[in-house]
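Next comes final36.pdb, a file with PDB, C-alpha atoms.
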```
ATOM      1  CA  MET S   1     127.411 172.913 191.168
ATOM      2  CA  ASN S   2     128.667 174.474 194.402
ATOM      3  CA  GLU S   3     127.800 172.953 197.737
ATOM      4  CA  PRO S   4     124.825 174.819 199.270
ATOM      5  CA  LEU S   5     125.855 177.772 201.380
ATOM      6  CA  GLU S   6     125.179 177.471 205.092
ATOM      7  CA  ILE S   7     124.291 180.961 206.220
ATOM      8  CA  ARG S   8     125.168 180.124 209.817
ATOM      9  CA  ASP S   9     128.725 179.335 208.709
ATOM     10  CA  LEU S  10     129.276 182.856 207.358
ATOM     11  CA  ASP S  11     131.465 185.120 209.485
ATOM     12  CA  GLY S  12     130.662 188.806 209.957
ATOM     13  CA  THR S  13     132.403 189.799 206.728
ATOM     14  CA  GLY S  14     130.638 187.094 204.726
ATOM     15  CA  MET S  15     127.243 187.999 206.186
ATOM     16  CA  SER S  16     127.723 191.648 205.408
ATOM     17  CA  ALA S  17     128.907 190.837 201.871
ATOM     18  CA  LEU S  18     125.838 188.669 201.175
ATOM     19  CA  ARG S  19     123.591 191.380 202.600
ATOM     20  CA  ARG S  20     125.229 193.865 200.280
ATOM     21  CA  LEU S  21     124.960 191.626 197.228
ATOM     22  CA  ILE S  22     121.236 191.097 197.787
ATOM     23  CA  LEU S  23     120.722 194.824 198.261
ATOM     24  CA  THR S  24     122.583 195.806 195.091
ATOM     25  CA  LEU S  25     120.372 193.449 193.099
ATOM     26  CA  ALA S  26     117.080 194.306 194.830
ATOM     27  CA  ASP S  27     117.640 198.070 194.750
ATOM     28  CA  SER S  28     118.636 197.969 191.093
ATOM     29  CA  LYS S  29     115.539 195.952 190.235
ATOM     30  CA  ARG S  30     113.364 198.402 192.116
ATOM     31  CA  MET S  31     114.894 201.386 190.338
ATOM     32  CA  MET S  32     114.627 199.645 186.971
ATOM     33  CA  GLY S  33     110.919 199.257 187.702
ATOM     34  CA  ILE S  34     110.661 202.952 188.502
ATOM     35  CA  ARG S  35     112.318 203.868 185.204
ATOM     36  CA  TYR S  36     109.923 201.614 183.278
ATOM     37  CA  SER S  37     107.010 203.107 185.184
ATOM     38  CA  ASP S  38     108.108 206.608 184.097
ATOM     39  CA  TRP S  39     107.016 205.558 180.593
ATOM     40  CA  LEU S  40     103.592 204.050 181.292
ATOM     41  CA  LEU S  41     102.288 207.153 179.565
ATOM     42  CA  GLY S  42     104.258 208.608 176.713
ATOM     43  CA  ALA S  43     105.609 205.421 175.139
ATOM     44  CA  PRO S  44     105.475 205.433 171.309
ATOM     45  CA  SER S  45     102.410 203.170 171.162
ATOM     46  CA  ILE S  46      99.738 201.753 173.441
ATOM     47  CA  GLU S  47     101.356 198.320 173.140
ATOM     48  CA  ALA S  48     104.756 199.700 174.117
ATOM     49  CA  GLY S  49     103.144 201.398 177.132
ATOM     50  CA  ILE S  50     101.446 198.165 178.185
ATOM     51  CA  ALA S  51     104.736 196.295 177.770
ATOM     52  CA  VAL S  52     106.736 198.699 179.956
ATOM     53  CA  SER S  53     103.915 198.668 182.496
ATOM     54  CA  ALA S  54     104.153 194.867 182.689
ATOM     55  CA  MET S  55     107.934 195.079 182.826
ATOM     56  CA  ALA S  56     107.716 197.548 185.722
ATOM     57  CA  GLN S  57     105.540 194.996 187.533
ATOM     58  CA  ASP S  58     108.067 192.256 186.767
ATOM     59  CA  GLU S  59     110.912 194.330 188.185
ATOM     60  CA  TRP S  60     109.027 195.175 191.333
ATOM     61  CA  GLY S  61     108.043 191.562 191.806
ATOM     62  CA  HIS S  62     111.647 190.486 191.397
ATOM     63  CA  ALA S  63     112.769 193.177 193.819
ATOM     64  CA  ARG S  64     110.231 191.983 196.372
ATOM     65  CA  LEU S  65     111.542 188.410 196.142
ATOM     66  CA  LEU S  66     115.112 189.620 196.507
ATOM     67  CA  TYR S  67     114.317 191.871 199.485
ATOM     68  CA  ALA S  68     112.637 188.890 201.140
ATOM     69  CA  MET S  69     116.018 187.110 201.097
ATOM     70  CA  LEU S  70     117.309 189.743 203.506
ATOM     71  CA  LYS S  71     115.516 187.907 206.318
ATOM     72  CA  ASP S  72     118.155 185.185 205.932
ATOM     73  CA  VAL S  73     120.872 187.691 206.744
ATOM     74  CA  GLY S  74     119.191 189.389 209.672
ATOM     75  CA  LEU S  75     117.538 192.391 208.033
ATOM     76  CA  ASP S  76     113.862 193.323 208.098
ATOM     77  CA  PRO S  77     112.736 193.693 204.460
ATOM     78  CA  LEU S  78     109.870 196.025 205.427
ATOM     79  CA  GLU S  79     112.260 198.484 206.992
ATOM     80  CA  VAL S  80     114.668 198.236 204.068
ATOM     81  CA  GLU S  81     111.924 198.811 201.514
ATOM     82  CA  HIS S  82     110.116 201.665 203.201
ATOM     83  CA  GLU S  83     112.392 203.516 205.539
ATOM     84  CA  ARG S  84     115.776 204.049 203.918
ATOM     85  CA  PRO S  85     116.953 207.404 202.595
ATOM     86  CA  GLY S  86     118.022 207.626 198.955
ATOM     87  CA  GLU S  87     121.736 207.741 199.782
ATOM     88  CA  ASP S  88     121.483 204.226 201.230
ATOM     89  CA  TYR S  89     120.346 202.714 197.920
ATOM     90  CA  ALA S  90     122.894 200.394 196.349
ATOM     91  CA  SER S  91     121.282 200.586 192.915
ATOM     92  CA  VAL S  92     123.306 200.892 189.736
ATOM     93  CA  GLY S  93     124.065 204.580 189.124
ATOM     94  CA  ALA S  94     122.760 204.445 185.553
ATOM     95  CA  LEU S  95     119.218 204.537 186.977
ATOM     96  CA  ASP S  96     119.638 207.563 189.229
ATOM     97  CA  GLU S  97     117.830 209.969 186.918
ATOM     98  CA  PRO S  98     114.752 209.582 184.702
ATOM     99  CA  PHE S  99     115.261 209.327 180.952
ATOM    100  CA  ASP S 100     114.266 212.337 178.879
ATOM    101  CA  HIS S 101     113.392 210.392 175.762
ATOM    102  CA  TRP S 102     112.335 206.936 174.588
ATOM    103  CA  ALA S 103     115.805 206.245 173.174
ATOM    104  CA  GLY S 104     117.182 206.664 176.699
ATOM    105  CA  LEU S 105     114.776 204.068 178.036
ATOM    106  CA  VAL S 106     115.583 201.701 175.161
ATOM    107  CA  ALA S 107     119.298 202.063 175.931
ATOM    108  CA  ALA S 108     118.587 201.359 179.626
ATOM    109  CA  MET S 109     116.403 198.371 178.772
ATOM    110  CA  THR S 110     119.246 197.047 176.659
ATOM    111  CA  VAL S 111     122.292 197.860 178.761
ATOM    112  CA  VAL S 112     121.117 198.174 182.362
ATOM    113  CA  ASP S 113     118.354 195.574 182.506
ATOM    114  CA  GLU S 114     120.655 193.128 180.723
ATOM    115  CA  ALA S 115     123.483 193.842 183.182
ATOM    116  CA  ILE S 116     121.142 193.163 186.104
ATOM    117  CA  SER S 117     120.151 189.872 184.447
ATOM    118  CA  VAL S 118     123.800 188.911 184.029
ATOM    119  CA  ALA S 119     124.382 189.646 187.721
ATOM    120  CA  LEU S 120     121.331 187.547 188.609
ATOM    121  CA  LEU S 121     122.538 184.717 186.409
ATOM    122  CA  GLY S 122     125.802 184.643 188.368
ATOM    123  CA  PHE S 123     123.816 184.685 191.618
ATOM    124  CA  SER S 124     121.534 181.853 190.445
ATOM    125  CA  ARG S 125     124.517 179.639 189.630
ATOM    126  CA  GLY S 126     126.073 180.132 193.066
ATOM    127  CA  SER S 127     125.749 178.370 196.357
ATOM    128  CA  TYR S 128     122.937 180.375 197.976
ATOM    129  CA  GLU S 129     119.865 178.155 197.876
ATOM    130  CA  ALA S 130     117.264 180.927 197.769
ATOM    131  CA  ALA S 131     118.924 182.395 194.667
ATOM    132  CA  ARG S 132     119.213 179.012 192.995
ATOM    133  CA  THR S 133     115.515 178.329 193.387
ATOM    134  CA  ARG S 134     113.962 181.782 192.928
ATOM    135  CA  VAL S 135     116.106 183.547 190.348
ATOM    136  CA  PRO S 136     115.610 181.240 187.321
ATOM    137  CA  LYS S 137     111.934 182.275 186.999
ATOM    138  CA  MET S 138     113.012 185.924 187.065
ATOM    139  CA  LEU S 139     115.483 185.235 184.293
ATOM    140  CA  ALA S 140     112.792 183.525 182.227
ATOM    141  CA  GLU S 141     110.616 186.646 182.524
ATOM    142  CA  GLU S 142     113.598 188.788 181.661
ATOM    143  CA  GLU S 143     113.932 187.035 178.300
ATOM    144  CA  PHE S 144     110.938 189.055 177.127
ATOM    145  CA  HIS S 145     112.560 192.283 178.349
ATOM    146  CA  ALA S 146     115.710 191.444 176.410
ATOM    147  CA  SER S 147     113.724 190.624 173.267
ATOM    148  CA  LEU S 148     111.879 193.912 173.375
ATOM    149  CA  ALA S 149     115.076 195.815 174.146
ATOM    150  CA  LYS S 150     116.899 194.320 171.184
ATOM    151  CA  ALA S 151     113.986 194.858 168.806
ATOM    152  CA  TRP S 152     113.678 198.527 169.773
ATOM    153  CA  TYR S 153     117.440 199.063 169.803
ATOM    154  CA  ARG S 154     117.747 197.736 166.236
ATOM    155  CA  ARG S 155     114.748 199.741 165.149
ATOM    156  CA  LEU S 156     116.093 203.027 166.533
ATOM    157  CA  ALA S 157     119.600 202.305 165.262
ATOM    158  CA  ASP S 158     118.085 201.995 161.812
ATOM    159  CA  SER S 159     115.893 205.082 162.109
ATOM    160  CA  SER S 160     116.618 208.787 161.740
ATOM    161  CA  HIS S 161     119.941 210.489 162.425
ATOM    162  CA  LYS S 162     118.365 211.963 165.554
ATOM    163  CA  GLY S 163     117.216 208.545 166.781
ATOM    164  CA  ARG S 164     120.654 207.008 166.243
ATOM    165  CA  THR S 165     122.386 209.926 167.941
ATOM    166  CA  LEU S 166     120.152 209.776 171.006
ATOM    167  CA  LEU S 167     120.695 206.026 171.253
ATOM    168  CA  HIS S 168     124.452 206.356 170.808
ATOM    169  CA  ASP S 169     124.735 209.084 173.451
ATOM    170  CA  SER S 170     122.508 207.239 175.915
ATOM    171  CA  THR S 171     124.467 204.011 175.488
ATOM    172  CA  GLU S 172     127.765 205.780 176.028
ATOM    173  CA  ARG S 173     126.430 207.487 179.131
ATOM    174  CA  LEU S 174     125.001 204.315 180.689
ATOM    175  CA  LEU S 175     127.910 201.953 180.133
ATOM    176  CA  PRO S 176     130.465 203.396 182.627
ATOM    177  CA  PRO S 177     128.237 203.194 185.737
ATOM    178  CA  VAL S 178     126.953 199.791 184.624
ATOM    179  CA  LEU S 179     130.462 198.401 184.170
ATOM    180  CA  ALA S 180     131.503 199.788 187.556
ATOM    181  CA  TRP S 181     128.497 198.121 189.221
ATOM    182  CA  LEU S 182     128.691 194.757 187.470
ATOM    183  CA  GLY S 183     132.458 194.534 187.561
ATOM    184  CA  ALA S 184     132.904 195.590 191.194
ATOM    185  CA  ASP S 185     136.012 193.914 192.538
ATOM    186  CA  ASP S 186     136.256 195.207 196.089
ATOM    187  CA  ALA S 187     136.728 193.075 199.214
ATOM    188  CA  SER S 188     133.020 192.402 199.609
ATOM    189  CA  ALA S 189     132.561 191.303 195.982
ATOM    190  CA  ARG S 190     135.607 189.048 196.210
ATOM    191  CA  ALA S 191     134.288 187.476 199.411
ATOM    192  CA  MET S 192     131.125 186.422 197.577
ATOM    193  CA  VAL S 193     133.148 184.913 194.734
ATOM    194  CA  VAL S 194     135.378 183.003 197.153
ATOM    195  CA  SER S 195     132.299 181.661 198.977
ATOM    196  CA  GLY S 196     130.880 180.510 195.653
ATOM    197  CA  VAL S 197     127.805 182.718 196.052
ATOM    198  CA  THR S 198     128.269 184.440 192.721
ATOM    199  CA  GLU S 199     130.690 184.856 189.822
ATOM    200  CA  SER S 200     133.479 187.371 189.476
ATOM    201  CA  GLY S 201     132.826 190.884 188.236
ATOM    202  CA  GLU S 202     135.340 190.313 185.479
ATOM    203  CA  SER S 203     133.597 187.224 184.106
ATOM    204  CA  MET S 204     130.137 188.787 184.366
ATOM    205  CA  THR S 205     131.375 191.909 182.586
ATOM    206  CA  GLU S 206     132.684 189.730 179.787
ATOM    207  CA  VAL S 207     129.283 188.044 179.483
ATOM    208  CA  LEU S 208     127.637 191.460 179.188
ATOM    209  CA  ARG S 209     130.119 192.645 176.572
ATOM    210  CA  GLU S 210     129.552 189.469 174.585
ATOM    211  CA  ARG S 211     125.769 189.851 174.717
ATOM    212  CA  LEU S 212     125.769 193.509 173.673
ATOM    213  CA  ARG S 213     128.807 193.813 171.376
ATOM    214  CA  ASP S 214     126.983 193.507 168.042
ATOM    215  CA  LEU S 215     124.053 195.575 169.183
ATOM    216  CA  THR S 216     125.962 198.621 170.425
ATOM    217  CA  ALA S 217     128.134 198.469 167.312
ATOM    218  CA  LEU S 218     124.993 199.425 165.373
ATOM    219  CA  VAL S 219     125.318 202.925 166.820
ATOM    220  CA  GLU S 220     129.115 202.865 166.694
ATOM    221  CA  VAL S 221     129.663 202.265 170.368
ATOM    222  CA  ASN S 222     132.556 199.878 170.890
ATOM    223  CA  ILE S 223     131.642 198.125 174.121
ATOM    224  CA  ASP S 224     135.174 196.759 174.477
ATOM    225  CA  ARG S 225     136.495 200.288 174.799
ATOM    226  CA  ALA S 226     133.932 201.360 177.377
ATOM    227  CA  GLN S 227     135.392 201.669 180.862
ATOM    228  CA  PRO S 228     133.825 201.715 184.328
ATOM    229  CA  ASN S 229     133.480 205.161 185.837
ATOM    230  CA  SER S 230     135.650 206.111 188.793
ATOM    231  CA  GLY S 231     134.574 206.856 192.320
ATOM    232  CA  TRP S 232     133.310 203.412 193.375
ATOM    233  CA  ASP S 233     132.325 203.630 197.030
ATOM    234  CA  GLU S 234     132.836 200.293 198.721
ATOM    235  CA  ASP S 235     130.761 201.253 201.746
ATOM    236  CA  ARG S 236     127.769 202.279 199.662
ATOM    237  CA  ALA S 237     128.301 199.495 197.089
ATOM    238  CA  ARG S 238     127.834 201.910 194.245
ATOM    239  CA  GLY S 239     129.445 204.692 192.263
ATOM    240  CA  PRO S 240     128.951 208.411 192.864
ATOM    241  CA  GLY S 241     125.483 209.918 193.197
ATOM    242  CA  ARG S 242     122.156 208.608 194.429
ATOM    243  CA  PRO S 243     118.676 208.071 192.978
ATOM    244  CA  ASP S 244     116.651 211.253 192.620
ATOM    245  CA  GLU S 245     114.479 212.099 195.611
ATOM    246  CA  GLU S 246     111.177 212.001 193.730
ATOM    247  CA  ALA S 247     111.889 208.419 192.634
ATOM    248  CA  ILE S 248     112.777 207.374 196.165
ATOM    249  CA  GLU S 249     109.553 208.878 197.494
ATOM    250  CA  ARG S 250     107.669 206.793 194.951
ATOM    251  CA  VAL S 251     109.702 203.692 195.827
ATOM    252  CA  ARG S 252     108.904 204.059 199.515
ATOM    253  CA  GLY S 253     105.311 205.088 198.849
ATOM    254  CA  ASP S 254     105.760 208.096 201.153
ATOM    255  CA  ARG S 255     102.663 210.022 200.143
ATOM    256  CA  ASN S 256     100.202 207.209 200.464
ATOM    257  CA  ARG S 257     101.711 205.299 203.345
ATOM    258  CA  ALA S 258     100.645 208.245 205.477
ATOM    259  CA  LEU S 259      97.050 207.170 204.793
ATOM    260  CA  LEU S 260      97.538 203.681 206.171
ATOM    261  CA  VAL S 261      95.958 202.944 209.500
ATOM    262  CA  GLU S 262      98.489 201.057 211.559
TER     263      GLU S 262
ATOM    264  CA  MET Z   1     108.007 203.552 160.992
ATOM    265  CA  LEU Z   2     104.963 201.538 159.973
ATOM    266  CA  GLU Z   3     103.177 199.224 162.330
ATOM    267  CA  ARG Z   4     101.583 195.988 161.275
ATOM    268  CA  VAL Z   5      98.629 194.203 162.802
ATOM    269  CA  TYR Z   6      99.410 190.832 164.360
ATOM    270  CA  ASP Z   7      96.668 188.461 165.465
ATOM    271  CA  VAL Z   8      97.202 186.654 168.736
ATOM    272  CA  PHE Z   9      96.258 183.018 169.316
ATOM    273  CA  ALA Z  10      96.576 181.081 172.537
ATOM    274  CA  ARG Z  11      95.530 177.986 174.441
ATOM    275  CA  LYS Z  12      95.336 177.528 178.191
ATOM    276  CA  HIS Z  13      96.091 173.829 178.317
ATOM    277  CA  ARG Z  14      97.880 171.317 176.163
ATOM    278  CA  GLY Z  15      95.246 169.789 173.911
ATOM    279  CA  ASP Z  16      92.924 172.835 174.015
ATOM    280  CA  GLN Z  17      91.879 174.440 170.762
ATOM    281  CA  LEU Z  18      94.089 177.336 169.775
ATOM    282  CA  ALA Z  19      91.787 180.366 170.046
ATOM    283  CA  HIS Z  20      91.970 183.854 168.624
ATOM    284  CA  ILE Z  21      92.258 186.123 171.670
ATOM    285  CA  GLY Z  22      93.040 189.525 170.174
ATOM    286  CA  TYR Z  23      95.552 191.541 168.225
ATOM    287  CA  VAL Z  24      98.462 193.932 168.673
ATOM    288  CA  ASP Z  25     100.047 196.589 166.488
ATOM    289  CA  ALA Z  26     103.821 196.212 166.259
ATOM    290  CA  LEU Z  27     106.756 197.345 164.177
ATOM    291  CA  ASP Z  28     108.155 193.849 163.739
ATOM    292  CA  ASP Z  29     107.738 190.208 164.737
ATOM    293  CA  GLU Z  30     109.921 190.428 167.829
ATOM    294  CA  MET Z  31     108.001 193.357 169.261
ATOM    295  CA  ALA Z  32     104.740 191.585 168.422
ATOM    296  CA  ARG Z  33     105.821 188.560 170.487
ATOM    297  CA  VAL Z  34     106.506 190.674 173.553
ATOM    298  CA  TYR Z  35     103.487 192.938 173.159
ATOM    299  CA  ALA Z  36     101.191 189.929 172.842
ATOM    300  CA  TRP Z  37     102.674 188.189 175.870
ATOM    301  CA  LYS Z  38     102.519 191.301 178.015
ATOM    302  CA  THR Z  39      99.114 192.518 176.800
ATOM    303  CA  TYR Z  40      97.161 189.270 177.025
ATOM    304  CA  ASP Z  41      98.567 188.143 180.345
ATOM    305  CA  GLU Z  42      95.261 187.632 182.123
ATOM    306  CA  GLU Z  43      95.665 183.855 181.830
ATOM    307  CA  HIS Z  44      98.497 181.463 182.474
ATOM    308  CA  TRP Z  45      98.805 180.406 178.844
ATOM    309  CA  PHE Z  46     100.240 177.061 177.882
ATOM    310  CA  GLU Z  47     100.972 178.374 174.392
ATOM    311  CA  MET Z  48     100.675 181.652 172.563
ATOM    312  CA  CYS Z  49     101.606 182.650 169.051
ATOM    313  CA  VAL Z  50     101.216 185.668 166.803
ATOM    314  CA  ILE Z  51     100.755 185.897 163.084
ATOM    315  CA  ARG Z  52     100.893 188.852 160.755
ATOM    316  CA  ARG Z  53      97.334 189.545 159.676
ATOM    317  CA  THR Z  54      98.522 189.891 156.073
ATOM    318  CA  ALA Z  55      99.675 186.269 156.175
ATOM    319  CA  ILE Z  56      96.180 184.983 156.856
ATOM    320  CA  ILE Z  57      94.453 183.724 153.718
ATOM    321  CA  PRO Z  58      90.673 184.130 153.798
ATOM    322  CA  VAL Z  59      88.812 181.054 152.681
ATOM    323  CA  ASN Z  60      85.170 181.923 152.249
ATOM    324  CA  ARG Z  61      84.715 185.612 152.988
ATOM    325  CA  GLN Z  62      86.324 188.693 151.525
ATOM    326  CA  ASP Z  63      84.720 191.264 153.827
ATOM    327  CA  GLY Z  64      86.070 190.353 157.274
ATOM    328  CA  PRO Z  65      89.130 191.586 159.159
ATOM    329  CA  PHE Z  66      91.341 188.879 157.646
ATOM    330  CA  THR Z  67      91.127 189.916 154.012
ATOM    331  CA  GLY Z  68      94.861 190.257 153.597
ATOM    332  CA  LEU Z  69      94.836 193.953 152.798
ATOM    333  CA  THR Z  70      94.472 195.097 156.390
ATOM    334  CA  GLY Z  71      97.296 195.373 158.806
ATOM    335  CA  GLU Z  72     100.188 196.568 156.664
ATOM    336  CA  GLY Z  73     100.980 199.953 158.088
ATOM    337  CA  GLU Z  74      97.389 201.050 158.293
TER     338      GLU Z  74
END
```

Please express what this file holds, its structure, as structure tokens.
Amino acid sequence: MNEPLEIRDLDGTGMSALRRLILTLADSKRMMGIRYSDWLLGAPSIEAGIAVSAMAQDEWGHARLLYAMLKDVGLDPLEVEHERPGEDYASVGALDEPFDHWAGLVAAMTVVDEAISVALLGFSRGSYEAARTRVPKMLAEEEFHASLAKAWYRRLADSSHKGRTLLHDSTERLLPPVLAWLGADDASARAMVVSGVTESGESMTEVLRERLRDLTALVEVNIDRAQPNSGWDEDRARGPGRPDEEAIERVRGDRNRALLVE
Amino acid sequence: MLERVYDVFARKHRGDQLAHIGYVDALDDEMARVYAWKTYDEEHWFEMCVIRRTAIIPVNRQDGPFTGLTGEGE
């Protein structure tokens, strides 16, 4: 196990890289929660709706814990959570838009939620104490998300031609932004690997491919051929695009925060 | 796609009696596990398990919910 990271020993580059890493994870968790919450009504069964509702709560809880880590690197979590514009979100691009059908959500549950868990696993094995102590419980909760994702993925892959096609197309669409996000190998990502805070994008990508290879093959998607999309923006820590404005308003709680008495 | 009924049993503490706490409809065992865990999450359960209702063998009554014919895609 790595020696614990001393935040005060980080130089400006290291501090900014850790800040960015926490944000990419927290923002992705928050957006994953939003995408689950889109399906509280409209899931194929009451049980499925209850499950995604609970999973949305899990994601938001995880995001809250991750945002709280920003205090260690000199950022105010309250400001970050409630005052940023959508273009500042470092969430994985695969979650920018809502999913039009259940197969899209199942593909996201399988590919995107799993990728976030792989990134968190790398973070939990690193030298940052807060990640080592807080992330394992998140990963334990995520085991249920992965179970449900796999069960639904297999079920849809074995269903109608339409179901398989929707799942195939959704998987193919989600993989490039996910691979770009998880496999990021820019200066900031490398700084975190060198400091022992997390694992390399290459090794985490391989873990994801290994976990999903057999599953995506069910809908004839060869995960080894999937490539990250282009246009990675090192400053924004994400690929092209931004989360849709309606989702960001919900994330920040714009409408109802106006009712709060300060 | 046919759903089955799964009965949910749980205990709060090690050594407690396993109690029937409800049921879920699910397409397969894996979904039933997750649905049960996420639906009946009002307690911090020490242990929870699910069983297909069709696997329950009634002992003395043939008119209750556990008669073996219920729960298979109904």

May I have a table of the residues of range 184-231 of chain S lying at most 8 Å from range 171-174 of chain S, giving each one's closest pair of atoms and their distance in Å to one decimal, counting all atoms listed in the file, ordered by chain and ascending residue number, as CSV?
```
residue,atom,partner,partner_atom,distance
S:Thr216,CA,S:Thr171,CA,7.5
S:Val221,CA,S:Glu172,CA,6.9
S:Ala226,CA,S:Glu172,CA,7.7
```

Hey, could you make a per-residue contact list for chain Z against chain S with 6 Å as the cut-off, showing the nearest pair of atoms and its distance in Å to one decimal, counting all atoms listed in the file, sorted by chain and number, as CSV?
```
residue,atom,partner,partner_atom,distance
Z:Met31,CA,S:Leu148,CA,5.7
Z:Val34,CA,S:Phe144,CA,5.9
Z:Tyr35,CA,S:Glu47,CA,5.8
Z:Lys38,CA,S:Ala51,CA,5.5
```

Any chance you could work out the residue set of the PyMOL selection byres ((chain S and resi 77) around 12) here, as a compact mmCIF listing (two decimals) with C-alpha atoms, in the frame of the given file?
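Written file, part.txt:
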```
# COMPACT_ATOMS: atom_id res chain seq x y z
CA ARG S 19 123.59 191.38 202.60
CA ILE S 22 121.24 191.10 197.79
CA LEU S 23 120.72 194.82 198.26
CA ALA S 26 117.08 194.31 194.83
CA ASP S 27 117.64 198.07 194.75
CA ALA S 63 112.77 193.18 193.82
CA ARG S 64 110.23 191.98 196.37
CA LEU S 65 111.54 188.41 196.14
CA LEU S 66 115.11 189.62 196.51
CA TYR S 67 114.32 191.87 199.48
CA ALA S 68 112.64 188.89 201.14
CA MET S 69 116.02 187.11 201.10
CA LEU S 70 117.31 189.74 203.51
CA LYS S 71 115.52 187.91 206.32
CA ASP S 72 118.16 185.18 205.93
CA VAL S 73 120.87 187.69 206.74
CA GLY S 74 119.19 189.39 209.67
CA LEU S 75 117.54 192.39 208.03
CA ASP S 76 113.86 193.32 208.10
CA LEU S 78 109.87 196.02 205.43
CA GLU S 79 112.26 198.48 206.99
CA VAL S 80 114.67 198.24 204.07
CA GLU S 81 111.92 198.81 201.51
CA HIS S 82 110.12 201.66 203.20
CA GLU S 83 112.39 203.52 205.54
CA ARG S 84 115.78 204.05 203.92
```

>> Can you tell me which residues surround range 45-54 of chain Z at a distance of at most 9 Å, considering all atoms listed in the file, apart from same-chain residues fewer than 4 positions away, and format the answer as a ChimeraX atom specification?
In response: /Z:4-14,18,23-24,29,32-33,36-37,41,65-72

>> Give me, as JSON, numbers by chain, all polymer residues having an atom no more than 10 Å from Gly163 in chain S, counting only C-alpha atoms and skipping those fewer than 3 positions away in the same chain.
In response: {"S": [101, 102, 103, 153, 155, 156, 157, 158, 159, 160, 166, 167, 168, 219]}

With all atoms of range 48-63 of chain Z from the file as input, state the centre and edge lengths in Å to one decimal of the axis-aligned box that has 3 Å extra on each side, as AutoDock Vina command-line options.
```
--center_x 93.2 --center_y 186.2 --center_z 162.0 --size_x 22.9 --size_y 16.2 --size_z 27.0
```

>> Using all atoms listed in the file - which residues lie no farther than 10 Å from the point (126.5, 178.9, 187.1) in the file's frame? Write them as an NGL selection string.
In response: :S and (1-2 or 121-127 or 132 or 196-199)

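Minimum atom-to-atom distances from S:Asp254, S:Arg154, S:Ala217, S:Met192 to Leu27 in chain Z were compared using all atoms listed in the file, and the lowest value belongs to S:Arg154.
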
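With only C-alpha atoms as the atoms that count, the residue of S:Ala237, S:Met204, S:Val135, S:Ile116 with the shortest distance to Ala187 in chain S is S:Ala237.
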
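Picture a line from CA of Gly93 in chain S to CA of Leu40 in chain S; it runs 21.9 Å.
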
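Taking CA of Ala191 in chain S and CA of Thr13 in chain S as the two end points, the separation is 7.9 Å.
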
>> On this structure, the PyMOL selection byres ((chain S and resi 118) around 12) would catch which residues? List them as a PyMOL selection string, sorted by chain and number.
In response: chain S and resi 25+110-117+119-125+135-136+138-139+142-143+146+178-179+181-183+198-212

> Expressed in Å to a single decimal, how great is the separation between CA of Glu129 in chain S and CA of Met15 in chain S?
Replying inline: 14.8 Å
